[in-house]
>>> print(open('protein-v3.cif').read())   # mmCIF, C-alpha atoms and all ligand atoms
data_model
#
loop_
_atom_site.label_atom_id
_atom_site.label_comp_id
_atom_site.auth_asym_id
_atom_site.auth_seq_id
_atom_site.Cartn_x
_atom_site.Cartn_y
_atom_site.Cartn_z
CA MET A 1 -14.30 -10.17 -19.77
CA ASN A 2 -13.41 -12.50 -16.88
CA ASN A 3 -16.00 -13.37 -14.23
CA PHE A 4 -15.38 -11.56 -10.96
CA ASN A 5 -16.47 -11.04 -7.36
CA TYR A 6 -16.30 -7.48 -6.10
CA TYR A 7 -16.31 -7.17 -2.32
CA ALA A 8 -15.74 -3.78 -0.68
CA PRO A 9 -17.43 -3.92 2.75
CA THR A 10 -15.64 -0.95 4.34
CA LYS A 11 -17.84 1.98 5.38
CA VAL A 12 -16.10 5.16 4.22
CA VAL A 13 -16.61 8.38 6.18
CA PHE A 14 -14.88 11.05 4.14
CA GLY A 15 -14.26 14.77 4.63
CA LYS A 16 -13.37 17.55 7.02
CA ASP A 17 -13.58 16.90 10.79
CA THR A 18 -14.70 13.30 10.26
CA GLU A 19 -12.28 11.99 12.90
CA LYS A 20 -14.73 13.34 15.48
CA GLU A 21 -17.12 10.58 14.41
CA THR A 22 -14.70 7.80 15.34
CA GLY A 23 -16.29 7.02 18.73
CA ARG A 24 -19.73 6.70 17.17
CA LEU A 25 -18.38 4.44 14.41
CA VAL A 26 -16.64 2.16 16.92
CA LYS A 27 -19.82 1.97 19.00
CA GLU A 28 -21.81 1.06 15.89
CA GLN A 29 -19.56 -2.01 15.62
CA GLY A 30 -20.58 -3.13 19.12
CA ALA A 31 -17.04 -2.83 20.49
CA SER A 32 -16.51 -2.28 24.21
CA SER A 33 -12.72 -2.19 24.57
CA VAL A 34 -10.46 -0.73 21.93
CA LEU A 35 -6.76 -0.74 21.14
CA VAL A 36 -5.78 2.62 19.63
CA HIS A 37 -2.74 1.78 17.52
CA PHE A 38 -0.49 4.44 15.99
CA GLY A 39 2.96 5.23 14.61
CA GLY A 40 5.98 7.31 15.56
CA LYS A 41 5.08 10.87 16.32
CA SER A 42 2.95 12.62 13.69
CA ALA A 43 -0.44 11.59 15.08
CA ILE A 44 0.57 12.60 18.62
CA ALA A 45 2.15 15.90 17.49
CA SER A 46 -0.94 16.93 15.51
CA GLY A 47 -3.23 16.21 18.46
CA LEU A 48 -5.10 13.59 16.41
CA ILE A 49 -4.66 10.82 19.00
CA ASP A 50 -6.12 13.11 21.67
CA ARG A 51 -9.08 13.97 19.45
CA VAL A 52 -9.76 10.33 18.61
CA CYS A 53 -9.48 9.25 22.26
CA GLN A 54 -11.80 12.07 23.27
CA SER A 55 -14.35 10.83 20.78
CA LEU A 56 -14.11 7.30 22.26
CA LYS A 57 -14.55 8.71 25.78
CA GLU A 58 -17.65 10.61 24.72
CA GLU A 59 -19.21 7.30 23.68
CA GLY A 60 -18.12 5.63 26.95
CA ILE A 61 -15.73 3.25 25.20
CA ALA A 62 -12.71 1.93 27.14
CA TYR A 63 -9.38 1.98 25.33
CA GLU A 64 -5.67 1.23 25.58
CA THR A 65 -3.03 2.88 23.40
CA LEU A 66 -0.05 1.35 21.64
CA GLY A 67 2.21 3.56 19.50
CA GLY A 68 5.60 3.04 17.91
CA VAL A 69 4.69 1.39 14.61
CA VAL A 70 7.46 2.13 12.09
CA PRO A 71 7.25 2.19 8.27
CA ASN A 72 7.65 -1.41 7.06
CA PRO A 73 5.92 -2.44 10.30
CA ARG A 74 7.70 -4.99 12.43
CA LEU A 75 6.58 -8.37 13.72
CA SER A 76 7.91 -7.58 17.22
CA LYS A 77 5.43 -4.69 17.57
CA VAL A 78 2.64 -6.98 16.36
CA ARG A 79 3.53 -9.50 19.05
CA GLU A 80 3.51 -6.72 21.66
CA GLY A 81 0.04 -5.69 20.49
CA ILE A 82 -1.29 -9.25 20.61
CA ALA A 83 -0.09 -9.68 24.20
CA LEU A 84 -1.63 -6.35 25.23
CA CYS A 85 -4.97 -7.16 23.60
CA ARG A 86 -5.12 -10.55 25.33
CA GLU A 87 -4.23 -9.06 28.70
CA LYS A 88 -6.77 -6.22 28.43
CA LYS A 89 -9.48 -8.25 26.68
CA ILE A 90 -9.55 -5.88 23.70
CA ASP A 91 -12.28 -6.56 21.13
CA PHE A 92 -11.56 -3.93 18.45
CA VAL A 93 -8.34 -2.53 16.95
CA LEU A 94 -8.42 1.08 15.78
CA ALA A 95 -5.51 2.06 13.54
CA VAL A 96 -4.70 5.78 13.48
CA GLY A 97 -2.09 6.27 10.78
CA GLY A 98 -1.06 5.01 7.36
CA GLY A 99 -0.55 1.64 5.73
CA SER A 100 2.05 0.58 8.27
CA VAL A 101 -0.21 1.20 11.25
CA ILE A 102 -3.27 -0.36 9.57
CA ASP A 103 -1.28 -3.43 8.54
CA SER A 104 0.11 -3.81 12.06
CA ALA A 105 -3.45 -3.53 13.42
CA LYS A 106 -4.64 -6.23 11.01
CA ALA A 107 -1.78 -8.52 12.07
CA ILE A 108 -2.65 -7.97 15.73
CA GLY A 109 -6.27 -8.79 14.85
CA TYR A 110 -5.18 -12.09 13.28
CA GLY A 111 -2.88 -12.90 16.18
CA VAL A 112 -5.54 -12.38 18.84
CA ALA A 113 -8.29 -14.25 17.00
CA ASN A 114 -6.25 -17.35 16.13
CA GLU A 115 -4.12 -19.81 18.07
CA GLY A 116 -0.39 -20.22 17.40
CA ASP A 117 2.23 -17.99 15.83
CA VAL A 118 0.86 -15.09 13.77
CA TRP A 119 3.91 -15.19 11.44
CA ASP A 120 2.65 -18.54 10.10
CA PHE A 121 -0.01 -16.59 8.15
CA TYR A 122 2.63 -14.38 6.51
CA ALA A 123 5.01 -17.30 5.91
CA LYS A 124 2.07 -19.03 4.16
CA LYS A 125 2.21 -21.99 6.53
CA ARG A 126 -1.43 -21.59 7.61
CA VAL A 127 -4.47 -19.50 6.71
CA PRO A 128 -6.19 -17.41 9.39
CA THR A 129 -9.79 -18.28 10.15
CA ALA A 130 -10.73 -15.11 12.06
CA CYS A 131 -9.63 -11.55 12.79
CA LEU A 132 -10.63 -8.99 15.41
CA PRO A 133 -12.65 -6.19 13.81
CA ILE A 134 -10.43 -3.35 12.56
CA GLY A 135 -11.19 0.34 11.93
CA ALA A 136 -8.93 3.04 10.51
CA VAL A 137 -8.42 6.78 10.80
CA LEU A 138 -6.22 7.43 7.79
CA THR A 139 -3.36 9.97 7.92
CA ILE A 140 -1.59 9.32 4.61
CA ALA A 141 -2.98 8.53 1.17
CA ALA A 142 -0.83 5.69 -0.12
CA ALA A 143 -1.09 1.98 0.61
CA GLY A 144 -4.88 1.67 0.34
CA SER A 145 -4.88 -0.68 3.33
CA GLU A 146 -7.99 1.14 4.59
CA MET A 147 -10.03 -0.78 1.98
CA SER A 148 -7.73 -3.63 0.93
CA ASN A 149 -7.68 -7.27 2.04
CA SER A 150 -3.96 -7.09 2.64
CA SER A 151 -1.51 -6.71 5.51
CA VAL A 152 2.26 -6.57 4.96
CA ILE A 153 4.63 -7.20 7.89
CA THR A 154 8.41 -7.33 8.17
CA ASN A 155 10.02 -10.05 10.28
CA GLU A 156 13.25 -8.60 11.68
CA ASP A 157 14.59 -12.14 11.88
CA GLY A 158 15.89 -12.50 8.31
CA GLY A 159 14.57 -9.17 6.99
CA LEU A 160 11.56 -10.87 5.42
CA LYS A 161 8.69 -8.63 4.30
CA ARG A 162 5.61 -10.73 3.62
CA GLY A 163 1.91 -10.17 2.97
CA CYS A 164 -1.21 -11.97 4.14
CA ASN A 165 -4.36 -11.41 2.08
CA THR A 166 -7.83 -12.37 3.31
CA ASP A 167 -11.21 -10.63 3.45
CA LEU A 168 -11.26 -11.19 7.23
CA CYS A 169 -9.03 -8.19 7.87
CA ARG A 170 -10.88 -5.64 5.76
CA CYS A 171 -11.57 -2.51 7.80
CA ARG A 172 -15.12 -2.18 9.12
CA PHE A 173 -14.84 1.56 8.59
CA ALA A 174 -12.32 4.09 7.33
CA VAL A 175 -12.34 7.70 8.45
CA MET A 176 -10.72 9.85 5.79
CA ASN A 177 -10.17 13.53 6.43
CA PRO A 178 -7.86 14.90 3.71
CA GLU A 179 -6.83 17.75 6.04
CA LEU A 180 -5.00 15.21 8.22
CA THR A 181 -2.49 14.73 5.38
CA TYR A 182 -1.40 18.42 5.20
CA THR A 183 1.51 17.70 7.55
CA LEU A 184 3.08 15.03 5.34
CA PRO A 185 6.60 15.78 4.11
CA ASP A 186 6.63 16.14 0.31
CA TYR A 187 8.66 12.94 -0.07
CA GLN A 188 5.99 10.91 1.75
CA THR A 189 3.22 12.54 -0.30
CA GLN A 190 4.99 11.58 -3.51
CA CYS A 191 5.80 8.05 -2.29
CA GLY A 192 2.11 7.72 -1.51
CA CYS A 193 1.03 8.95 -4.96
CA THR A 194 3.45 6.49 -6.60
CA ASP A 195 2.04 3.60 -4.59
CA ILE A 196 -1.55 4.61 -5.38
CA MET A 197 -0.87 4.71 -9.12
CA MET A 198 1.08 1.46 -8.94
CA HIS A 199 -1.86 -0.40 -7.37
CA THR A 200 -3.84 0.41 -10.50
CA MET A 201 -0.90 0.00 -12.91
CA GLU A 202 -0.14 -3.48 -11.57
CA ARG A 203 -3.77 -4.38 -12.33
CA TYR A 204 -3.73 -2.57 -15.71
CA PHE A 205 -0.69 -4.50 -16.98
CA ASN A 206 -2.41 -7.86 -17.29
CA MET A 207 -2.82 -10.59 -19.87
CA SER A 208 -6.63 -10.37 -20.14
CA GLU A 209 -8.91 -9.01 -22.80
CA ASN A 210 -9.36 -5.28 -22.37
CA MET A 211 -12.38 -4.21 -20.35
CA GLU A 212 -13.37 -0.75 -21.47
CA LEU A 213 -14.95 0.45 -18.24
CA THR A 214 -12.22 -0.91 -15.95
CA ASP A 215 -9.53 0.53 -18.22
CA GLY A 216 -11.31 3.90 -18.29
CA ILE A 217 -11.56 4.06 -14.49
CA SER A 218 -7.90 3.05 -14.22
CA GLU A 219 -6.67 5.65 -16.69
CA ALA A 220 -8.73 8.41 -15.03
CA LEU A 221 -7.37 7.43 -11.63
CA ILE A 222 -3.73 7.44 -12.78
CA LYS A 223 -4.08 10.80 -14.55
CA THR A 224 -5.88 12.35 -11.58
CA VAL A 225 -3.19 11.27 -9.12
CA MET A 226 -0.42 12.44 -11.46
CA LYS A 227 -2.02 15.86 -11.84
CA HIS A 228 -2.64 16.38 -8.13
CA SER A 229 0.74 15.05 -7.00
CA LYS A 230 2.29 17.88 -8.99
CA ILE A 231 -0.07 20.47 -7.48
CA LEU A 232 0.77 19.17 -3.99
CA LYS A 233 4.47 19.79 -4.58
CA GLU A 234 3.69 23.51 -4.73
CA HIS A 235 0.57 23.61 -2.56
CA PRO A 236 0.71 20.91 0.14
CA ASP A 237 -2.38 22.31 1.84
CA CYS A 238 -4.64 22.27 -1.21
CA TYR A 239 -7.73 20.50 0.14
CA GLU A 240 -9.07 19.50 -3.29
CA SER A 241 -5.81 17.84 -4.30
CA ARG A 242 -5.43 16.08 -0.94
CA ALA A 243 -9.02 14.84 -1.28
CA GLU A 244 -8.59 13.57 -4.86
CA VAL A 245 -5.46 11.67 -3.89
CA MET A 246 -6.96 10.26 -0.70
CA TRP A 247 -10.04 8.87 -2.43
CA ALA A 248 -7.80 7.48 -5.18
CA SER A 249 -5.75 5.63 -2.56
CA SER A 250 -8.82 3.63 -1.51
CA LEU A 251 -10.29 3.07 -4.98
CA SER A 252 -6.93 1.99 -6.35
CA HIS A 253 -6.56 -0.90 -3.92
CA ASN A 254 -10.13 -2.04 -3.20
CA ASP A 255 -10.10 -4.18 -6.36
CA LEU A 256 -12.29 -1.81 -8.43
CA THR A 257 -9.55 -1.33 -11.02
CA GLY A 258 -9.08 -5.09 -11.41
CA CYS A 259 -12.72 -6.03 -12.16
CA GLY A 260 -13.06 -8.27 -15.20
CA THR A 261 -9.33 -8.90 -15.59
CA ASP A 262 -6.98 -11.69 -14.54
CA GLY A 263 -6.07 -9.55 -11.51
CA GLY A 264 -2.93 -8.13 -13.04
CA ASP A 265 0.81 -8.46 -12.74
CA TRP A 266 2.13 -7.83 -9.23
CA ALA A 267 5.79 -8.46 -9.95
CA CYS A 268 6.91 -4.92 -9.05
CA HIS A 269 5.28 -5.15 -5.62
CA GLN A 270 6.94 -8.49 -4.96
CA LEU A 271 10.31 -7.17 -6.18
CA GLU A 272 9.90 -4.11 -3.96
CA HIS A 273 9.03 -6.13 -0.87
CA GLU A 274 12.53 -7.63 -0.98
CA ILE A 275 14.12 -4.18 -1.38
CA GLY A 276 12.04 -2.91 1.57
CA GLY A 277 12.85 -6.01 3.64
CA MET A 278 16.60 -5.66 3.07
CA PHE A 279 17.11 -1.87 2.90
CA ASP A 280 14.09 -0.48 4.79
CA VAL A 281 13.14 2.07 2.10
CA ALA A 282 9.77 3.82 1.70
CA HIS A 283 7.52 1.44 -0.25
CA GLY A 284 6.46 3.94 -2.95
CA ALA A 285 10.04 4.99 -3.66
CA GLY A 286 11.07 1.35 -3.93
CA LEU A 287 8.32 0.76 -6.49
CA ALA A 288 9.37 3.76 -8.61
CA ALA A 289 12.99 2.57 -8.52
CA VAL A 290 12.17 -0.83 -9.96
CA TRP A 291 9.22 -0.09 -12.29
CA GLY A 292 11.16 1.13 -15.34
CA SER A 293 13.47 -1.89 -15.32
CA TRP A 294 10.56 -4.26 -14.91
CA ALA A 295 8.64 -2.53 -17.74
CA ARG A 296 11.60 -2.73 -20.13
CA TYR A 297 12.07 -6.39 -19.21
CA VAL A 298 8.46 -7.39 -19.95
CA TYR A 299 6.88 -4.95 -22.44
CA LYS A 300 7.53 -7.12 -25.49
CA ALA A 301 5.23 -9.76 -24.00
CA ARG A 302 2.33 -7.39 -24.74
CA PRO A 303 3.48 -4.19 -26.41
CA GLU A 304 -0.06 -3.15 -27.33
CA ARG A 305 -0.97 -2.89 -23.65
CA PHE A 306 2.00 -0.66 -22.90
CA ALA A 307 1.19 1.34 -26.04
CA LYS A 308 -2.38 1.89 -24.82
CA PHE A 309 -0.97 3.12 -21.50
CA ALA A 310 1.40 5.48 -23.35
CA ARG A 311 -1.33 6.88 -25.59
CA ASN A 312 -4.09 7.25 -22.99
CA ILE A 313 -1.97 8.46 -20.08
CA PHE A 314 0.69 10.53 -21.86
CA ASN A 315 -1.05 11.29 -25.15
CA ILE A 316 1.82 9.73 -27.11
CA GLN A 317 0.97 9.80 -30.82
CA GLU A 318 3.40 7.14 -32.08
CA THR A 319 1.53 4.53 -34.16
CA ASP A 320 4.03 1.68 -33.83
CA ASP A 321 3.12 -0.23 -30.64
CA GLU A 322 6.65 -1.14 -29.57
CA LYS A 323 7.93 2.40 -30.07
CA ALA A 324 4.90 3.83 -28.26
CA ALA A 325 5.45 1.37 -25.41
CA VAL A 326 9.05 2.51 -24.91
CA ALA A 327 8.03 6.18 -25.14
CA GLY A 328 5.41 5.54 -22.44
CA ILE A 329 7.97 3.92 -20.13
CA GLU A 330 10.29 6.91 -20.63
CA ALA A 331 7.42 9.35 -19.97
CA MET A 332 6.57 7.56 -16.73
CA GLU A 333 10.19 7.80 -15.60
CA ASP A 334 10.22 11.52 -16.50
CA TYR A 335 7.16 11.93 -14.31
CA TYR A 336 8.86 10.13 -11.41
CA ARG A 337 11.90 12.41 -11.72
CA SER A 338 9.64 15.49 -11.85
CA VAL A 339 8.14 14.65 -8.44
CA GLY A 340 11.43 13.60 -6.85
CA MET A 341 10.96 9.83 -7.05
CA PRO A 342 13.90 7.55 -7.94
CA THR A 343 14.01 5.61 -11.21
CA ASN A 344 16.71 3.15 -10.14
CA LEU A 345 18.28 1.70 -6.99
CA CYS A 346 21.17 4.18 -7.10
CA GLU A 347 18.75 7.15 -6.95
CA LEU A 348 17.08 5.32 -4.05
CA GLY A 349 20.44 5.46 -2.25
CA ILE A 350 21.25 1.77 -2.71
CA ASP A 351 24.33 0.29 -4.35
CA ALA A 352 23.43 -3.39 -4.21
CA THR A 353 26.22 -5.96 -4.38
CA GLU A 354 25.83 -9.03 -6.60
CA GLU A 355 25.41 -11.06 -3.43
CA GLN A 356 22.57 -8.82 -2.22
CA ILE A 357 20.89 -8.98 -5.64
CA LYS A 358 21.00 -12.77 -5.55
CA GLU A 359 19.64 -12.83 -2.01
CA MET A 360 16.71 -10.56 -2.95
CA ALA A 361 16.01 -12.65 -6.06
CA ASP A 362 16.08 -15.89 -4.04
CA LYS A 363 13.76 -14.47 -1.42
CA CYS A 364 11.39 -13.07 -4.08
CA SER A 365 11.09 -16.53 -5.64
CA PHE A 366 10.67 -18.17 -2.22
CA TYR A 367 13.94 -19.94 -2.96
CA GLY A 368 12.74 -21.28 -6.29
CA LYS A 369 9.26 -22.27 -5.12
CA ARG A 370 7.28 -19.58 -6.99
CA THR A 371 7.33 -17.11 -9.85
CA VAL A 372 5.74 -13.65 -9.76
CA GLY A 373 4.00 -11.69 -12.51
CA VAL A 374 1.82 -12.69 -15.46
CA MET A 375 3.18 -10.68 -18.40
CA LYS A 376 6.40 -12.65 -17.96
CA LYS A 377 6.91 -15.19 -15.23
CA ILE A 378 9.65 -13.87 -12.97
CA GLY A 379 11.63 -16.49 -11.04
CA ALA A 380 14.97 -15.98 -9.28
CA PRO A 381 17.15 -15.50 -12.43
CA GLU A 382 14.69 -13.02 -13.99
CA ALA A 383 14.29 -11.10 -10.72
CA ALA A 384 18.08 -10.85 -10.41
CA GLU A 385 18.25 -9.51 -13.97
CA ILE A 386 15.64 -6.82 -13.21
CA TYR A 387 17.46 -5.82 -10.00
CA ARG A 388 20.70 -5.59 -12.01
CA MET A 389 19.04 -3.43 -14.69
CA SER A 390 17.78 -1.15 -11.93
CA ASN A 391 21.10 -1.03 -10.01
O1 LIG A 401 5.09 7.24 12.28
P1 LIG A 401 4.68 8.61 11.91
O2 LIG A 401 5.30 9.65 12.76
O3 LIG A 401 3.20 8.75 11.81
O4 LIG A 401 5.29 8.88 10.44
C1 LIG A 401 4.75 8.30 9.27
C2 LIG A 401 5.79 7.46 8.55
O5 LIG A 401 7.08 7.86 8.87
C3 LIG A 401 4.49 9.40 8.30
N1 LIG A 401 3.13 9.96 8.38
C4 LIG A 401 1.97 9.31 8.25
N2 LIG A 401 0.95 10.17 8.30
C5 LIG A 401 1.49 11.40 8.49
C6 LIG A 401 2.90 11.26 8.54
N3 LIG A 401 3.73 12.32 8.72
C7 LIG A 401 3.16 13.53 8.83
N4 LIG A 401 1.82 13.74 8.77
C8 LIG A 401 0.97 12.71 8.59
N5 LIG A 401 -0.36 12.92 8.49
O6 LIG A 401 4.63 8.82 7.02
C9 LIG A 401 5.57 7.78 7.09
C10 LIG A 401 5.06 6.63 6.26
O7 LIG A 401 3.92 6.03 6.87
P2 LIG A 401 3.46 4.59 6.41
O8 LIG A 401 2.26 4.20 7.19
O9 LIG A 401 4.62 3.66 6.44
O10 LIG A 401 3.08 4.83 4.88
P3 LIG A 401 2.21 4.05 3.87
O11 LIG A 401 0.78 4.34 4.05
O12 LIG A 401 2.83 4.29 2.56
O13 LIG A 401 2.39 2.51 4.25
C11 LIG A 401 3.49 1.78 3.79
C12 LIG A 401 3.36 0.33 4.23
O14 LIG A 401 2.18 -0.27 3.68
C13 LIG A 401 2.55 -1.46 2.96
C14 LIG A 401 3.94 -1.13 2.49
O15 LIG A 401 4.63 -2.28 2.07
C15 LIG A 401 4.54 -0.47 3.71
O16 LIG A 401 4.94 -1.45 4.65
N6 LIG A 401 1.55 -1.75 1.95
C16 LIG A 401 0.36 -2.18 2.38
C17 LIG A 401 -0.65 -2.53 1.51
C18 LIG A 401 -1.94 -3.03 1.99
N7 LIG A 401 -2.06 -3.35 3.27
O17 LIG A 401 -2.91 -3.15 1.24
C19 LIG A 401 -0.48 -2.45 0.06
C20 LIG A 401 0.74 -1.72 -0.36
O18 LIG A 401 1.13 -2.20 -1.63
C21 LIG A 401 1.89 -1.79 0.56
O19 LIG A 401 2.67 -2.96 0.34
ZN ZN A 402 1.83 -0.76 -2.76
#
>>> encode(input="protein-v3.cif", output="structure tokens", more="lines below")
Ligand code: NZQ
Ligand code: ZN
Amino acid sequence: MNNFNYYAPTKVVFGKDTEKETGRLVKEQGASSVLVHFGGKSAIASGLIDRVCQSLKEEGIAYETLGGVVPNPRLSKVREGIALCREKKIDFVLAVGGGSVIDSAKAIGYGVANEGDVWDFYAKKRVPTACLPIGAVLTIAAAGSEMSNSSVITNEDGGLKRGCNTDLCRCRFAVMNPELTYTLPDYQTQCGCTDIMMHTMERYFNMSENMELTDGISEALIKTVMKHSKILKEHPDCYESRAEVMWASSLSHNDLTGCGTDGGDWACHQLEHEIGGMFDVAHGAGLAAVWGSWARYVYKARPERFAKFARNIFNIQETDDEKAAVAGIEAMEDYYRSVGMPTNLCELGIDATEEQIKEMADKCSFYGKRTVGVMKKIGAPEAAEIYRMSN
């Protein structure tokens, strides 16, 4: 077992009607002036923004609002938020939405608390030294940003989607009412479930010794999400299923399922970021589209790990590890199809040209400066091959 630090400082307030506690939670943080940050229309249409603002008013907290965050959140909106926060002397950013809104809030927090251009932190030119405190009222179970150390922003100039990971941006609190996710379209629910499982799968497919407890938690999480994603297809307002999936979203990306390992193989996420940056697809769908090709490309590096996944997740009885591994990959793709997720770029609605494949592969490798993944090191030629397999 590898040594590890486990740091999960976010206070979780989970359950029905919990959004009414937002004002109290913000006050607890000592904030006096808040930016309420949100997305396109769902949080306005459901009345959630009004309820959250009401709860701030009841605690006597001043606030400004800034909506319009889009999926694959844009740098231009982040810059707008930074300017507004500076002008209004905002000292707390409250994200009301999903991963895109929370990530935009985190980027604003970095931008306000540090000098210079915020994109430098995403372009890996500098490391932030501070962040405004962030809180979240979650409306979609998916990215896990409510408990993660990560923020992913897309720079419209060049279609670059890049992440910045530091503990500074971890949410002070996360309000999670599963009822708020009833209004999600099925496609978004399933994209979210795919992303949740992938945050654990990317940690599970590692090159470390097995850790029994971490593996057990991971397998339970994946099976739970799989089961409830199917129930939600038929019963989108099943509270129990919404709750299981919502809690899984946080546990899957707060590092719990990586304890004691080398941290895992994040190649699929990096490959997806280039698809999202170029084609603006939903993150979870992009992951599903590339996973099977990635798995076929790398499984021989550690067939016993893929075989364990196949046996413990899909109850595959095959005794030969390589055959079991392939059967597990096929079973995962069957699952994706059963919930309406794509298993290749074509099903994602993309017919990538060779030129586009090369561009994504170059960007993924930072133009030859890095490789991604641990099971196999993926540089530009390998990334291009995986994109081709998935095309
Ligand atoms: O803008 P609105 O109208 O709210 O619509 C959103 C959006 O179109 C809608 N939605 C959200 N809650 C809803 C709802 N519609 C109806 N009812 C509700 N209750 O859902 C759509 C998707 O929202 P978004 O926030 O984009 O989804 P998600 O949470 O999947 O976030 C995706 C972003 O997070 C990044 C992804 O790359 C992507 O940019 N990620 C962030 C991570 C992190 N910070 O730790 C890790 C992930 O791996 C991921 O990369
Ligand atoms: Zn993800």
>>> residues_near_ligand(input="protein-v3.cif", ligand="ligand LIG 401 (chain A)", cutoff="6 Å", atoms="only C-alpha atoms and all ligand atoms", output="ChimeraX atom specification")
/A:39-43,70-73,97-101,103,139-140,142-145,148,150-152,180-181,183-184,188,192,283
>>> residues_around(input="protein-v3.cif", residues="Arg51 of chain A", least_positions_apart="3", cutoff="8 Å", atoms="only C-alpha atoms", output="PDB file with C-alpha atoms, keeping the file's coordinate frame")
ATOM      1  CA  GLU A  19     -12.280  11.990  12.900  1.00  0.00           C
ATOM      2  CA  LYS A  20     -14.730  13.340  15.480  1.00  0.00           C
ATOM      3  CA  GLY A  47      -3.230  16.210  18.460  1.00  0.00           C
ATOM      4  CA  LEU A  48      -5.100  13.590  16.410  1.00  0.00           C
ATOM      5  CA  GLN A  54     -11.800  12.070  23.270  1.00  0.00           C
ATOM      6  CA  SER A  55     -14.350  10.830  20.780  1.00  0.00           C
TER       7      SER A  55
END
>>> residues_around(input="protein-v3.cif", residues="Pro178 of chain A", least_positions_apart="2", cutoff="10 Å", atoms="only C-alpha atoms", output="ChimeraX atom specification")
/A:14-18,138-141,175-176,180-182,237-247
>>> residues_near_ligand(input="protein-v3.cif", ligand="ligand ZN 402 (chain A)", cutoff="7 Å", atoms="all atoms listed in the file", output="PyMOL selection string")
chain A and resi 143+195-196+198-199+269+283-284
>>> residues_around(input="protein-v3.cif", residues="segment 29-38 of chain A", least_positions_apart="6", cutoff="6 Å", atoms="all atoms listed in the file", output="MDAnalysis selection string")
chainID A and resid 61:67 90:97 101
>>> write_last_selection(input="protein-v3.cif", atoms="C-alpha atoms", output="mmCIF file, in the frame of the given file")
data_model
loop_
_atom_site.group_PDB
_atom_site.id
_atom_site.type_symbol
_atom_site.label_atom_id
_atom_site.label_comp_id
_atom_site.auth_asym_id
_atom_site.auth_seq_id
_atom_site.Cartn_x
_atom_site.Cartn_y
_atom_site.Cartn_z
ATOM 1 C CA ILE A 61 -15.730 3.250 25.200
ATOM 2 C CA ALA A 62 -12.710 1.930 27.140
ATOM 3 C CA TYR A 63 -9.380 1.980 25.330
ATOM 4 C CA GLU A 64 -5.670 1.230 25.580
ATOM 5 C CA THR A 65 -3.030 2.880 23.400
ATOM 6 C CA LEU A 66 -0.050 1.350 21.640
ATOM 7 C CA GLY A 67 2.210 3.560 19.500
ATOM 8 C CA ILE A 90 -9.550 -5.880 23.700
ATOM 9 C CA ASP A 91 -12.280 -6.560 21.130
ATOM 10 C CA PHE A 92 -11.560 -3.930 18.450
ATOM 11 C CA VAL A 93 -8.340 -2.530 16.950
ATOM 12 C CA LEU A 94 -8.420 1.080 15.780
ATOM 13 C CA ALA A 95 -5.510 2.060 13.540
ATOM 14 C CA VAL A 96 -4.700 5.780 13.480
ATOM 15 C CA GLY A 97 -2.090 6.270 10.780
ATOM 16 C CA VAL A 101 -0.210 1.200 11.250
#
>>> atom_distance(input="protein-v3.cif", atom1="atom CA of Asn149 of chain A", atom2="atom CA of Tyr110 of chain A")
12.5 Å
>>> residues_near_point(input="protein-v3.cif", point="(-13.4, -2.9, 5.0)", cutoff="6 Å", atoms="only C-alpha atoms", output="NGL selection string")
:A and (9-10 or 147 or 170-173)
>>> residues_near_point(input="protein-v3.cif", point="(4.2, 17.8, -8.6)", cutoff="12 Å", atoms="only C-alpha atoms", output="ChimeraX atom specification")
/A:186-187,189-191,193-194,224-236,241,334-341
>>> atom_distance(input="protein-v3.cif", atom1="atom CA of Ser390 of chain A", atom2="atom CA of Arg370 of chain A")
21.8 Å
>>> build_atoms(input="protein-v3.cif", residues="segment 309-316 of chain A", atoms="N, CA and C atoms", output="CSV table (one decimal), keeping the file's coordinate frame")
chain,number,residue,atom,x,y,z
A,309,PHE,N,-1.3,2.3,-22.7
A,309,PHE,CA,-1.0,3.1,-21.5
A,309,PHE,C,-0.3,4.4,-22.0
A,310,ALA,N,0.7,4.3,-22.9
A,310,ALA,CA,1.4,5.5,-23.4
A,310,ALA,C,0.5,6.5,-24.0
A,311,ARG,N,-0.4,6.0,-24.8
A,311,ARG,CA,-1.3,6.9,-25.6
A,311,ARG,C,-2.4,7.5,-24.7
A,312,ASN,N,-3.0,6.7,-23.8
A,312,ASN,CA,-4.1,7.2,-23.0
A,312,ASN,C,-3.6,8.0,-21.8
A,313,ILE,N,-2.4,7.7,-21.3
A,313,ILE,CA,-2.0,8.5,-20.1
A,313,ILE,C,-1.1,9.7,-20.5
A,314,PHE,N,-0.3,9.5,-21.5
A,314,PHE,CA,0.7,10.5,-21.9
A,314,PHE,C,0.4,11.1,-23.2
A,315,ASN,N,-0.7,10.7,-23.9
A,315,ASN,CA,-1.0,11.3,-25.2
A,315,ASN,C,0.1,11.1,-26.2
A,316,ILE,N,0.7,10.0,-26.1
A,316,ILE,CA,1.8,9.7,-27.1
A,316,ILE,C,1.2,9.3,-28.4
